[in-house]
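What follows is a short report on a single structure.
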Amino acid sequence: MDSVFAQIRIDLASNDALRQAQALLTALQHAAAGKDISCISRAACDEIIASPAGAVCKKLAFDLIRSTRLTADQWETVCRGIKNDFDFPDPDVTAAGVSFLAAIPSWRLGKLITECSKEISDCIVAENDNLRYAIIETLGSILARDDMVTLCEASGALLDKVGVWWKQIGQSMLDASDAVSRVAFEAVGRLFSEFSTKRMSRLAGDKLIPSENSLAIRSNWVSAMCKLMWERRNLLMARSLVLPTESFRVTVFPLVFAVKAVATGMVEELQAISGNDGTAPAPIEGKDFVNAERILGVSDVVSNLVPSLSSLEPALVFEVGVNLLSLADVPGGKPEWASASVTAILTLWDRQEFVAGRESIIKAVVQNLQLLDLHMQVSLFKRLLMMVRNLRLEADRMHALACICRTVLCVDLFAKESVRRGQKPLPGTDVASLFEDPKTKEDLHSVRSPGLFREELVSCLVESCFQLSLPLPKQSPLGTESRVIGALAYGTGYEAMSWTQSALEVVEVCRPCVRWDCEGRTYAMDCYLKLLVRLCHVYDTRGGVKKVKDGASQEQILNETRLQKLQRQLVKDLAEVTTTRILARLIWALAEHFDLDGLDPLLADDPEDPLNIIVANIHKILFSGEPPLNTATNRLQDIQAVLLCSQHLGSRYPRAAQLLTKELEDFRNSILSDSVIKHQCRLIVQVFKYTSKHPEARWVGTASSSGDYPFSHHKLSVQYFDASAAQDRKLEDLVHKAVQELWRPAPSELTLLITKAAGSSLLRPPPSTYTVSGSSDPCYVEAYHLTDANDGRLTLHVKVLNMTEQVINRVDVRIGLIGALHFMDGSAQAVRHLHHLMSQDPVLCSVTVNVSRFQRCALCVQLIYYPSHNGMSVGDADDGDFLDEEAVHGVRQLKTSKPNHGEPVVLRCQPYHVPLTELLLPHRCSPVEFFRIWPSLPAISEFTGVYTYEGSGFRATAAVESGTPPFLTGLKTLVDKPFYQVCSHILRTVAGFQSCYSAKTWFGDVMGMMIFGASEMSRDVDFGDETTTMVCKFVLRASSASVLEEITEDLQYWLDNLSDGAIQFVPEDEMQAAATAKLKKSMEQMATFKAAAAAAHKVSSTPKEQTDENVANGEKPSEPSTLTTFSAEEIEHRALQSAVLQEWEMFRAKKAIKV
């Protein structure tokens, strides 16, 4: 293989274009086979790219170096070759060179395009079509990326040049060449899509902090391009019509985006942001965006696109349909546009060539259901459910179901409001229409089902009802969600309880779910019963149906009657419930809110009486299964729930107390109850006896209904692990995420900047920079890092500033790695060459590395600059990394020149340490889950840290005013760390606390941390503010021992990461020595107190004799003793009592001030 590579390099060094092309093709074949061709890359750079060559050889050479790794010197050679190609007479060679600009690394790209800005502008207006095509395609790929925005933010001259290039690209959309026009449309569409999605930047690995400047730069580009396209929309539409069919598709999105931006007023918002001087942009409510010109402009674009919906090309139909749906929501839009688009998109479902795009079809349709008219929405429910059932990805299926359920509730509320206003009711607009599909109805009424679709549907529908009960979020009058929120607000605006009417239909339709057997899964049924309990609490079904004389409306009476009827139907369904867990929870939901006073006393002996049925099923739960001592299941939870239901039923109704007393006595005397349950049964029976003798005191055993449903893994502490619990939690996370994102989406950065002004604190602040150079170094170096936990990457950004008054011609920035870091190209170190560093002119560079495991890491930065970087010297073939050709064929001796850098000056900087906390992610969990997981984590570590705080003074007053106790000031930085605070308990009287945190590493290891704090008075108290020492006990547990091993290897480093240097690590031997010294001092004080007390007692017995003796000896009489006679325990008790009383008085004073 070495001889083959040697022959390739010899052919590349020849002047024969054919031999060079064949050699490059052979090298590309070896690269495609996975062989390392890095030894050929130097020859390709020097002999092809940096030298005059044909266009074919240039393109092959660029393809070759794309598939290999280049050093920093080789990249400099490539950039030098591209600059030479701009002046090459053959435009095809120049086109090959400019096409490679997109592959130039970010750290070298900015300088290259700045130096070649004039040549790039000339290429855009060149006469050769291929050259214009190449430069516009390349600029469209790089100008919209995040790294270019960063470069423009640092250089005003480059920002002006990029703005001019975008205008030239926009004018090129009307180019006479179809290929150039198409690629110009693609470039503008890429700018628009990158503004919202940043997909291309993520693929390129760029990490941009979303600051106000970067957003203003993008906004300026987008607004200028939208304005240009709006002014020339007729010409652009005419130009797009004469393009080939396959090229017409790329013109759809730019036209629609620009027209919609102008019609909705987004252009004015972007212009306000790009030209903002610190003041908030004007609100858009006061602007009149709906005028004749804009409506006609939107209609013209729609008329231009509608004929394409009947095209035979599926990709064109989908592109046109999706963009027409976005236009149907602008001011002046029509439902007919959305109907035609949805109909055309749905025709692609059965087309074989578009099978891979079914997820996109469903997503496009369900997200725009609100734009259709009412009849078409209802007609699509059955078909959409069938389509959603076949989606493979769970997240896509949940999102589609959430959209459908929200639309169903919107249609139902709108139809009810129409009927209330006297209009004719529309058929199929109720919630039951969602289950009219035969397969869906069969799944709903069957006991078992092979899939999870029915559980997902019921869960999404119920969770949507809960979202409907909450206050609706404020939406702007323009946008995709405005019609949905507007219709929901229109439907709920009649009265505050209107959402319960739709929820009542949901619980009526989904009633068969209580009979499901889901192999241990309970989430769907829990959602249903939780909504049922909420409705019963809202309508207060315990008191029966209200009457008109009580102030109830006719609708309220009707709803309460329907709810009472549903409760009785559910009581009859108790016999058909297949699982004991659901049976106990259904009894809870019914017993807490059932109208017992409305029962007929003449039917007390009837087996169909609801109370008799409930008591019979309570007996079934109590006397089924094994004793709790012999099995570790959730049966204990079911028994506890049934016992509480029995207590509430018997306390409210005497006949229920008689029936349940016998059941509880039998259960207490059986082997199925343990000692705790026996005592609980005895207590409940005593409550029954007391309430029977004192009817006026029924409140003793009755709890008022709170509308809460406690059966959830978030609230119950008595719950054992179940195999199906993981599936329930997974389904719950998916449903909650889909519903939350749909009903209450997180505001975008653009929305935050528009509503909160340019200085909004809601935008993510830039990271902190650290200086790694010395104070007297000729170059000032600072760095910061950005992390991406999804890809496991870390990007280090370095800024180099020449502090001397001279120009440094060349500086090499070398970055080495320590720990679990490695470069993506596998090299040992990274080198960035910086040229011509002007005085006080900052230069930026960056490097991206992968993190392989949880370990302490660091990046070592070293600067090498050459004071005499000008001359050139002659070297042999080994210096140029060339091979002696005479050794192979004996033809000639090859010599090459290498630059004479001179004697280098090495500047070693401080290593940049990556905090261990950067490799963690917050792990959100409830306190019950945390304390359940805590004992199961095998690795454990304990250590102690201390910090001082001011108990009084200015800082303490500032801490109290901010809401943080002064003794927690050392841990205030934990708020910004990637930890989730599960719970915390603060003991103000003794200035102590306990906090629990949970986190996960990037690699899936779970870690929990408990911090116990207790304050101690400092020994040396100055005349200034009082300082107190807080002793913190850290207890860490993790699922992997390697995580704690890495932390405990340097505990002070870990504490510095947690508290930013506020906490000091104290070894255990020092803690023991301090405790021993403290105990010894306390013992000495106690001994002193006891001796003083004994002496005082002796002196008090003969005071006169001692005084006379002292006077006779010439001594002064002693003063009365000031030592206390209390013991140390009594002193501590009195101090604690005084602190408690003082804190109580403080709380009372604060409460009085608030009142």
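How things are named: the first chain in the structure tokens is A, the next is B, and so on; residues count from 1 in each chain; ligands count from 1 in the order shown.
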- Give me the residues within 12 Å of A:Ser117 as an MDAnalysis selection string, counting only C-alpha atoms and dropping any in the same chain fewer than 4 places off. chainID A and resid 83 86 98 109:113 121:124 135 139 157:165
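Around stretch 1045-1055 of chain A, within 9 Å and counting only C-alpha atoms, the residues found are A:Phe854, A:Gln855, A:Arg856, A:Pro915, A:Leu916, A:Thr917, A:Ser941, A:Phe943, A:Gly945, A:Ala1041, A:Ser1059, A:Asp1060, A:Gly1061, A:Ala1062, A:Ile1063, A:Gln1064, A:Phe1065, A:Val1066, once anything fewer than 4 positions away on its own chain is removed.
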Create the file for the chosen residues now, containing N, CA and C atoms and written as a tab-separated table (two decimals), in the first residue's frame.
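Printed below is out_25.tsv as written:
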```tsv
chain	number	residue	atom	x	y	z
A	854	PHE	N	-17.62	10.49	32.67
A	854	PHE	CA	-17.64	11.45	33.78
A	854	PHE	C	-16.28	11.43	34.46
A	855	GLN	N	-15.50	12.46	34.22
A	855	GLN	CA	-14.14	12.53	34.74
A	855	GLN	C	-13.69	13.97	34.76
A	856	ARG	N	-12.78	14.29	35.69
A	856	ARG	CA	-12.22	15.62	35.75
A	856	ARG	C	-11.38	15.86	34.49
A	915	PRO	N	-15.46	22.25	34.90
A	915	PRO	CA	-16.10	21.84	36.16
A	915	PRO	C	-16.83	20.51	36.00
A	916	LEU	N	-16.75	19.69	37.03
A	916	LEU	CA	-17.47	18.41	37.00
A	916	LEU	C	-18.98	18.61	36.91
A	917	THR	N	-19.45	19.73	37.46
A	917	THR	CA	-20.89	19.97	37.41
A	917	THR	C	-21.38	20.20	35.99
A	941	SER	N	-20.70	8.28	49.68
A	941	SER	CA	-19.54	9.02	50.14
A	941	SER	C	-20.02	10.15	51.04
A	943	PHE	N	-18.50	13.65	53.37
A	943	PHE	CA	-17.41	14.57	53.69
A	943	PHE	C	-18.02	15.84	54.26
A	945	GLY	N	-17.79	20.20	54.76
A	945	GLY	CA	-17.31	21.49	54.28
A	945	GLY	C	-17.85	22.59	55.18
A	1041	ALA	N	-20.02	3.53	41.03
A	1041	ALA	CA	-18.95	3.88	41.95
A	1041	ALA	C	-17.93	4.80	41.30
A	1059	SER	N	-19.90	25.61	44.83
A	1059	SER	CA	-20.13	26.89	45.50
A	1059	SER	C	-19.30	28.03	44.97
A	1060	ASP	N	-18.56	27.81	43.86
A	1060	ASP	CA	-17.68	28.84	43.30
A	1060	ASP	C	-16.68	29.33	44.33
A	1061	GLY	N	-16.13	28.37	45.09
A	1061	GLY	CA	-15.07	28.68	46.04
A	1061	GLY	C	-15.52	29.16	47.40
A	1062	ALA	N	-16.81	29.11	47.70
A	1062	ALA	CA	-17.29	29.62	48.99
A	1062	ALA	C	-17.13	28.62	50.12
A	1063	ILE	N	-17.11	27.33	49.83
A	1063	ILE	CA	-17.05	26.29	50.86
A	1063	ILE	C	-15.64	25.72	50.91
A	1064	GLN	N	-15.15	25.53	52.11
A	1064	GLN	CA	-13.82	24.97	52.34
A	1064	GLN	C	-13.95	23.55	52.86
A	1065	PHE	N	-13.21	22.63	52.24
A	1065	PHE	CA	-13.23	21.23	52.68
A	1065	PHE	C	-12.45	21.06	53.97
A	1066	VAL	N	-13.01	20.26	54.88
A	1066	VAL	CA	-12.37	19.97	56.17
A	1066	VAL	C	-12.22	18.46	56.30
```
List as an mmCIF file with N, CA, C and O atoms, in the first residue's frame the protein and nucleic acid residues near A:Asn15, meaning an atom at most 12 Å away when only C-alpha atoms are counted, but skip any in the same chain fewer than 6 places from it.
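File written: around-v6.cif
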```cif
data_model
loop_
_atom_site.group_PDB
_atom_site.id
_atom_site.type_symbol
_atom_site.label_atom_id
_atom_site.label_comp_id
_atom_site.auth_asym_id
_atom_site.auth_seq_id
_atom_site.Cartn_x
_atom_site.Cartn_y
_atom_site.Cartn_z
ATOM 1 N N ALA A 21 -5.609 13.484 -12.548
ATOM 2 C CA ALA A 21 -7.011 13.102 -12.346
ATOM 3 C C ALA A 21 -7.132 11.625 -11.995
ATOM 4 O O ALA A 21 -7.906 11.242 -11.099
ATOM 5 N N GLU A 47 0.334 20.379 -4.682
ATOM 6 C CA GLU A 47 0.489 20.201 -6.123
ATOM 7 C C GLU A 47 -0.766 20.517 -6.916
ATOM 8 O O GLU A 47 -0.679 20.812 -8.110
ATOM 9 N N ILE A 48 -1.949 20.459 -6.292
ATOM 10 C CA ILE A 48 -3.187 20.683 -7.044
ATOM 11 C C ILE A 48 -3.859 21.974 -6.602
ATOM 12 O O ILE A 48 -4.128 22.869 -7.401
ATOM 13 N N SER A 51 -1.503 25.135 -6.565
ATOM 14 C CA SER A 51 -0.807 25.306 -7.843
ATOM 15 C C SER A 51 -1.823 25.416 -8.962
ATOM 16 O O SER A 51 -2.975 24.994 -8.817
ATOM 17 N N PRO A 52 -1.445 25.947 -10.095
ATOM 18 C CA PRO A 52 -2.366 25.998 -11.240
ATOM 19 C C PRO A 52 -2.731 24.591 -11.706
ATOM 20 O O PRO A 52 -1.857 23.732 -11.899
ATOM 21 N N ALA A 53 -4.017 24.342 -11.871
ATOM 22 C CA ALA A 53 -4.507 23.040 -12.311
ATOM 23 C C ALA A 53 -5.854 23.234 -12.974
ATOM 24 O O ALA A 53 -6.493 24.298 -12.883
ATOM 25 N N GLY A 54 -6.322 22.173 -13.640
ATOM 26 C CA GLY A 54 -7.600 22.229 -14.309
ATOM 27 C C GLY A 54 -8.762 22.146 -13.336
ATOM 28 O O GLY A 54 -8.617 21.783 -12.156
ATOM 29 N N CYS A 57 -9.394 18.522 -11.928
ATOM 30 C CA CYS A 57 -8.444 18.150 -10.871
ATOM 31 C C CYS A 57 -8.712 18.937 -9.587
ATOM 32 O O CYS A 57 -8.574 18.411 -8.473
#
```
Got a sec: who's within 8 Å of A:Val298, counting only C-alpha atoms, leaving out chain neighbours fewer than 2 positions off, as a CSV table (one decimal) with all heavy atoms, in the first residue's frame?
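Saved the output as part07.csv:
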```
chain,number,residue,atom,x,y,z
A,259,VAL,N,-44.2,36.9,2.2
A,259,VAL,CA,-45.5,37.4,2.2
A,259,VAL,C,-46.2,37.4,3.5
A,259,VAL,O,-46.9,38.3,4.0
A,259,VAL,CB,-46.4,36.7,1.1
A,259,VAL,CG1,-47.8,37.2,1.1
A,259,VAL,CG2,-45.8,37.1,-0.3
A,260,LYS,N,-46.1,36.3,4.2
A,260,LYS,CA,-46.7,36.1,5.5
A,260,LYS,C,-46.1,37.1,6.5
A,260,LYS,O,-46.8,37.7,7.4
A,260,LYS,CB,-46.6,34.7,6.0
A,260,LYS,CG,-47.3,34.5,7.3
A,260,LYS,CD,-47.3,33.0,7.7
A,260,LYS,CE,-48.0,32.8,9.1
A,260,LYS,NZ,-48.0,31.4,9.5
A,263,ALA,N,-47.6,40.4,5.8
A,263,ALA,CA,-49.0,40.5,6.1
A,263,ALA,C,-49.3,40.5,7.6
A,263,ALA,O,-50.3,41.1,8.0
A,263,ALA,CB,-49.7,39.3,5.4
A,294,ARG,N,-52.1,44.3,1.3
A,294,ARG,CA,-51.5,43.1,1.9
A,294,ARG,C,-52.5,41.9,1.6
A,294,ARG,O,-52.0,40.7,1.4
A,294,ARG,CB,-51.3,43.3,3.4
A,294,ARG,CG,-50.2,44.3,3.6
A,294,ARG,CD,-49.9,44.5,5.0
A,294,ARG,NE,-48.8,45.4,5.2
A,294,ARG,CZ,-48.3,45.9,6.4
A,294,ARG,NH1,-48.8,45.4,7.5
A,294,ARG,NH2,-47.3,46.7,6.4
A,295,ILE,N,-53.8,42.1,1.8
A,295,ILE,CA,-54.7,41.0,1.5
A,295,ILE,C,-54.6,40.5,0.0
A,295,ILE,O,-54.6,39.3,-0.3
A,295,ILE,CB,-56.1,41.4,1.9
A,295,ILE,CG1,-56.2,41.6,3.4
A,295,ILE,CG2,-57.1,40.3,1.4
A,295,ILE,CD1,-57.6,42.1,3.8
A,296,LEU,N,-54.5,41.5,-0.9
A,296,LEU,CA,-54.4,41.2,-2.3
A,296,LEU,C,-53.1,40.5,-2.6
A,296,LEU,O,-53.0,39.6,-3.4
A,296,LEU,CB,-54.5,42.4,-3.1
A,296,LEU,CG,-55.9,43.0,-3.2
A,296,LEU,CD1,-55.9,44.3,-4.0
A,296,LEU,CD2,-56.9,42.1,-3.8
A,300,ASP,N,-52.8,36.8,-4.2
A,300,ASP,CA,-52.0,36.6,-5.5
A,300,ASP,C,-51.1,35.4,-5.3
A,300,ASP,O,-50.9,34.5,-6.2
A,300,ASP,CB,-51.2,37.8,-5.8
A,300,ASP,CG,-52.1,39.0,-6.3
A,300,ASP,OD1,-53.3,38.7,-6.6
A,300,ASP,OD2,-51.6,40.1,-6.2
A,301,VAL,N,-50.4,35.3,-4.2
A,301,VAL,CA,-49.5,34.1,-3.9
A,301,VAL,C,-50.3,32.8,-3.9
A,301,VAL,O,-49.9,31.8,-4.4
A,301,VAL,CB,-48.7,34.3,-2.6
A,301,VAL,CG1,-47.9,33.1,-2.3
A,301,VAL,CG2,-47.8,35.5,-2.8
A,302,VAL,N,-51.5,32.9,-3.2
A,302,VAL,CA,-52.3,31.7,-3.1
A,302,VAL,C,-52.8,31.2,-4.5
A,302,VAL,O,-52.8,30.1,-4.9
A,302,VAL,CB,-53.5,31.9,-2.2
A,302,VAL,CG1,-54.5,30.7,-2.3
A,302,VAL,CG2,-53.1,32.1,-0.8
A,327,LEU,N,-50.5,30.2,5.1
A,327,LEU,CA,-51.1,31.4,4.7
A,327,LEU,C,-52.6,31.5,5.0
A,327,LEU,O,-53.2,32.6,5.1
A,327,LEU,CB,-51.0,31.5,3.1
A,327,LEU,CG,-49.7,31.9,2.6
A,327,LEU,CD1,-49.7,31.9,1.1
A,327,LEU,CD2,-49.2,33.2,3.1
```
- For A:Asn559, which of A:Val800, A:Val545, A:Leu794, A:Ile361 is the closest residue, counting only C-alpha atoms? A:Val545
Sel. of helix (DSSP H, G or I) residues, stretch 920-950 of chain A, as a CSV table (one decimal) with N, CA, C and O atoms, in the first residue's frame:
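Okay, states.csv is ready:
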```
chain,number,residue,atom,x,y,z
A,927,PRO,N,-40.3,14.1,45.9
A,927,PRO,CA,-39.6,13.7,47.1
A,927,PRO,C,-39.8,12.2,47.4
A,927,PRO,O,-38.9,11.5,47.9
A,928,VAL,N,-41.0,11.7,47.1
A,928,VAL,CA,-41.2,10.3,47.4
A,928,VAL,C,-40.4,9.4,46.5
A,928,VAL,O,-39.7,8.4,46.9
A,929,GLU,N,-40.2,9.8,45.2
A,929,GLU,CA,-39.4,9.0,44.3
A,929,GLU,C,-37.9,9.1,44.8
A,929,GLU,O,-37.2,8.2,44.7
A,930,PHE,N,-37.5,10.3,45.2
A,930,PHE,CA,-36.1,10.5,45.6
A,930,PHE,C,-35.8,9.6,46.8
A,930,PHE,O,-34.7,8.9,46.8
A,931,PHE,N,-36.6,9.6,47.8
A,931,PHE,CA,-36.3,8.8,49.0
A,931,PHE,C,-36.5,7.3,48.8
A,931,PHE,O,-36.1,6.5,49.5
A,932,ARG,N,-37.2,7.0,47.7
A,932,ARG,CA,-37.3,5.6,47.3
A,932,ARG,C,-36.1,5.1,46.5
A,932,ARG,O,-35.6,4.0,46.7
A,933,ILE,N,-35.5,6.0,45.7
A,933,ILE,CA,-34.3,5.7,44.9
A,933,ILE,C,-33.1,5.8,45.8
A,933,ILE,O,-32.1,5.0,45.6
A,934,TRP,N,-33.1,6.6,46.8
A,934,TRP,CA,-31.9,6.9,47.6
A,934,TRP,C,-31.3,5.6,48.2
A,934,TRP,O,-30.1,5.4,48.1
A,935,PRO,N,-32.0,4.7,48.9
A,935,PRO,CA,-31.4,3.5,49.4
A,935,PRO,C,-30.8,2.6,48.4
A,935,PRO,O,-30.0,1.7,48.7
A,936,SER,N,-31.4,2.6,47.2
A,936,SER,CA,-31.0,1.7,46.1
A,936,SER,C,-29.7,2.1,45.4
A,936,SER,O,-29.2,1.3,44.6
```
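Note that atom CA of A:Tyr784 and atom CA of A:Tyr912 are 8.7 Å apart.
One finds atom CA of A:Gln467 at 25.7 Å from atom CA of A:Ala552.
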- Item | Nearest to A:His835, chosen from A:Thr197, A:Asn809, A:Asn1057, A:Ser776, with only C-alpha atoms counted in the distances | A:Asn809
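For A:Val831, the non-local neighbours within 8 Å, defined as residues at least 4 positions apart in the same chain or in other chains and counting only C-alpha atoms, are A:Thr71, A:Ala72, A:Asp812, A:Val813, A:Arg814, A:Ile815.
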- Rounded to one decimal place, report the atom CA of A:Leu236-atom CA of A:Ala126 distance in Å. 21.3 Å
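The protein and nucleic acid residues lying at most 9 Å from stretch 766-774 of chain A are Ile209, Pro210, Ser211, Pro778, Cys779, Tyr780, Val781, Glu782, Ala783, Tyr784, His785, Leu786, Val861, Leu907, Arg908, Cys909, Gln910, Pro911 and Tyr912 of chain A, with only C-alpha atoms considered and sequence neighbours fewer than 4 positions away removed.
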Just-selected residues, N, CA and C atoms written as a PDB file, in the first residue's frame:
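Saved the output as part.pdb:
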```pdb
ATOM      1  N   ILE A 209     -24.514  31.564  21.481  1.00  0.00           N
ATOM      2  CA  ILE A 209     -25.299  32.081  22.590  1.00  0.00           C
ATOM      3  C   ILE A 209     -26.314  33.084  22.047  1.00  0.00           C
ATOM      4  N   PRO A 210     -27.615  32.872  22.274  1.00  0.00           N
ATOM      5  CA  PRO A 210     -28.620  33.775  21.701  1.00  0.00           C
ATOM      6  C   PRO A 210     -28.649  35.120  22.425  1.00  0.00           C
ATOM      7  N   SER A 211     -27.825  36.030  21.996  1.00  0.00           N
ATOM      8  CA  SER A 211     -27.777  37.352  22.602  1.00  0.00           C
ATOM      9  C   SER A 211     -28.622  38.323  21.779  1.00  0.00           C
ATOM     10  N   PRO A 778       2.929  38.771  26.805  1.00  0.00           N
ATOM     11  CA  PRO A 778       2.699  39.668  25.647  1.00  0.00           C
ATOM     12  C   PRO A 778       1.331  39.493  25.010  1.00  0.00           C
ATOM     13  N   CYS A 779       0.686  38.360  25.233  1.00  0.00           N
ATOM     14  CA  CYS A 779      -0.655  38.115  24.697  1.00  0.00           C
ATOM     15  C   CYS A 779      -1.607  37.817  25.846  1.00  0.00           C
ATOM     16  N   TYR A 780      -2.706  38.524  25.847  1.00  0.00           N
ATOM     17  CA  TYR A 780      -3.755  38.264  26.835  1.00  0.00           C
ATOM     18  C   TYR A 780      -4.696  37.200  26.269  1.00  0.00           C
ATOM     19  N   VAL A 781      -4.931  36.152  27.046  1.00  0.00           N
ATOM     20  CA  VAL A 781      -5.731  35.015  26.586  1.00  0.00           C
ATOM     21  C   VAL A 781      -6.831  34.767  27.603  1.00  0.00           C
ATOM     22  N   GLU A 782      -8.073  34.736  27.128  1.00  0.00           N
ATOM     23  CA  GLU A 782      -9.203  34.350  27.953  1.00  0.00           C
ATOM     24  C   GLU A 782     -10.043  33.337  27.183  1.00  0.00           C
ATOM     25  N   ALA A 783     -10.788  32.521  27.921  1.00  0.00           N
ATOM     26  CA  ALA A 783     -11.539  31.430  27.293  1.00  0.00           C
ATOM     27  C   ALA A 783     -12.834  31.198  28.044  1.00  0.00           C
ATOM     28  N   TYR A 784     -13.788  30.646  27.342  1.00  0.00           N
ATOM     29  CA  TYR A 784     -15.029  30.149  27.931  1.00  0.00           C
ATOM     30  C   TYR A 784     -15.464  28.925  27.143  1.00  0.00           C
ATOM     31  N   HIS A 785     -16.356  28.164  27.707  1.00  0.00           N
ATOM     32  CA  HIS A 785     -16.764  26.910  27.069  1.00  0.00           C
ATOM     33  C   HIS A 785     -18.278  26.842  26.964  1.00  0.00           C
ATOM     34  N   LEU A 786     -18.749  26.108  25.986  1.00  0.00           N
ATOM     35  CA  LEU A 786     -20.157  25.784  25.789  1.00  0.00           C
ATOM     36  C   LEU A 786     -20.289  24.268  25.696  1.00  0.00           C
ATOM     37  N   VAL A 861      -3.792  25.170  27.185  1.00  0.00           N
ATOM     38  CA  VAL A 861      -3.595  26.143  26.115  1.00  0.00           C
ATOM     39  C   VAL A 861      -2.141  26.601  26.126  1.00  0.00           C
ATOM     40  N   LEU A 907       4.594  30.446  25.181  1.00  0.00           N
ATOM     41  CA  LEU A 907       3.835  31.034  26.283  1.00  0.00           C
ATOM     42  C   LEU A 907       2.879  29.968  26.811  1.00  0.00           C
ATOM     43  N   ARG A 908       3.195  29.426  27.967  1.00  0.00           N
ATOM     44  CA  ARG A 908       2.362  28.383  28.575  1.00  0.00           C
ATOM     45  C   ARG A 908       1.309  29.031  29.469  1.00  0.00           C
ATOM     46  N   CYS A 909       0.067  28.757  29.173  1.00  0.00           N
ATOM     47  CA  CYS A 909      -1.039  29.337  29.924  1.00  0.00           C
ATOM     48  C   CYS A 909      -1.519  28.355  30.989  1.00  0.00           C
ATOM     49  N   GLN A 910      -2.340  28.861  31.866  1.00  0.00           N
ATOM     50  CA  GLN A 910      -2.926  28.004  32.888  1.00  0.00           C
ATOM     51  C   GLN A 910      -3.911  27.033  32.241  1.00  0.00           C
ATOM     52  N   PRO A 911      -3.971  25.813  32.716  1.00  0.00           N
ATOM     53  CA  PRO A 911      -4.948  24.873  32.133  1.00  0.00           C
ATOM     54  C   PRO A 911      -6.376  25.321  32.414  1.00  0.00           C
ATOM     55  N   TYR A 912      -7.231  25.126  31.442  1.00  0.00           N
ATOM     56  CA  TYR A 912      -8.647  25.487  31.569  1.00  0.00           C
ATOM     57  C   TYR A 912      -9.388  24.259  32.084  1.00  0.00           C
TER      58      TYR A 912
END
```
- Task: Considering only C-alpha atoms, return as a PyMOL selection string whatever protein or nucleic-acid residues lie within 12 Å of A:Leu643, sequence-local ones (same chain, fewer than 2 positions apart) excluded.
- Result: chain A and resi 584-585+587-588+591+615+618-619+621-622+636-641+645-650+660-661+663-664+667-668+673+677-685+701
- Nearest to A:Val188 among A:Ala96, A:Leu143, A:Cys527, A:Val906, with distances taken over only C-alpha atoms: which residue is it? A:Leu143
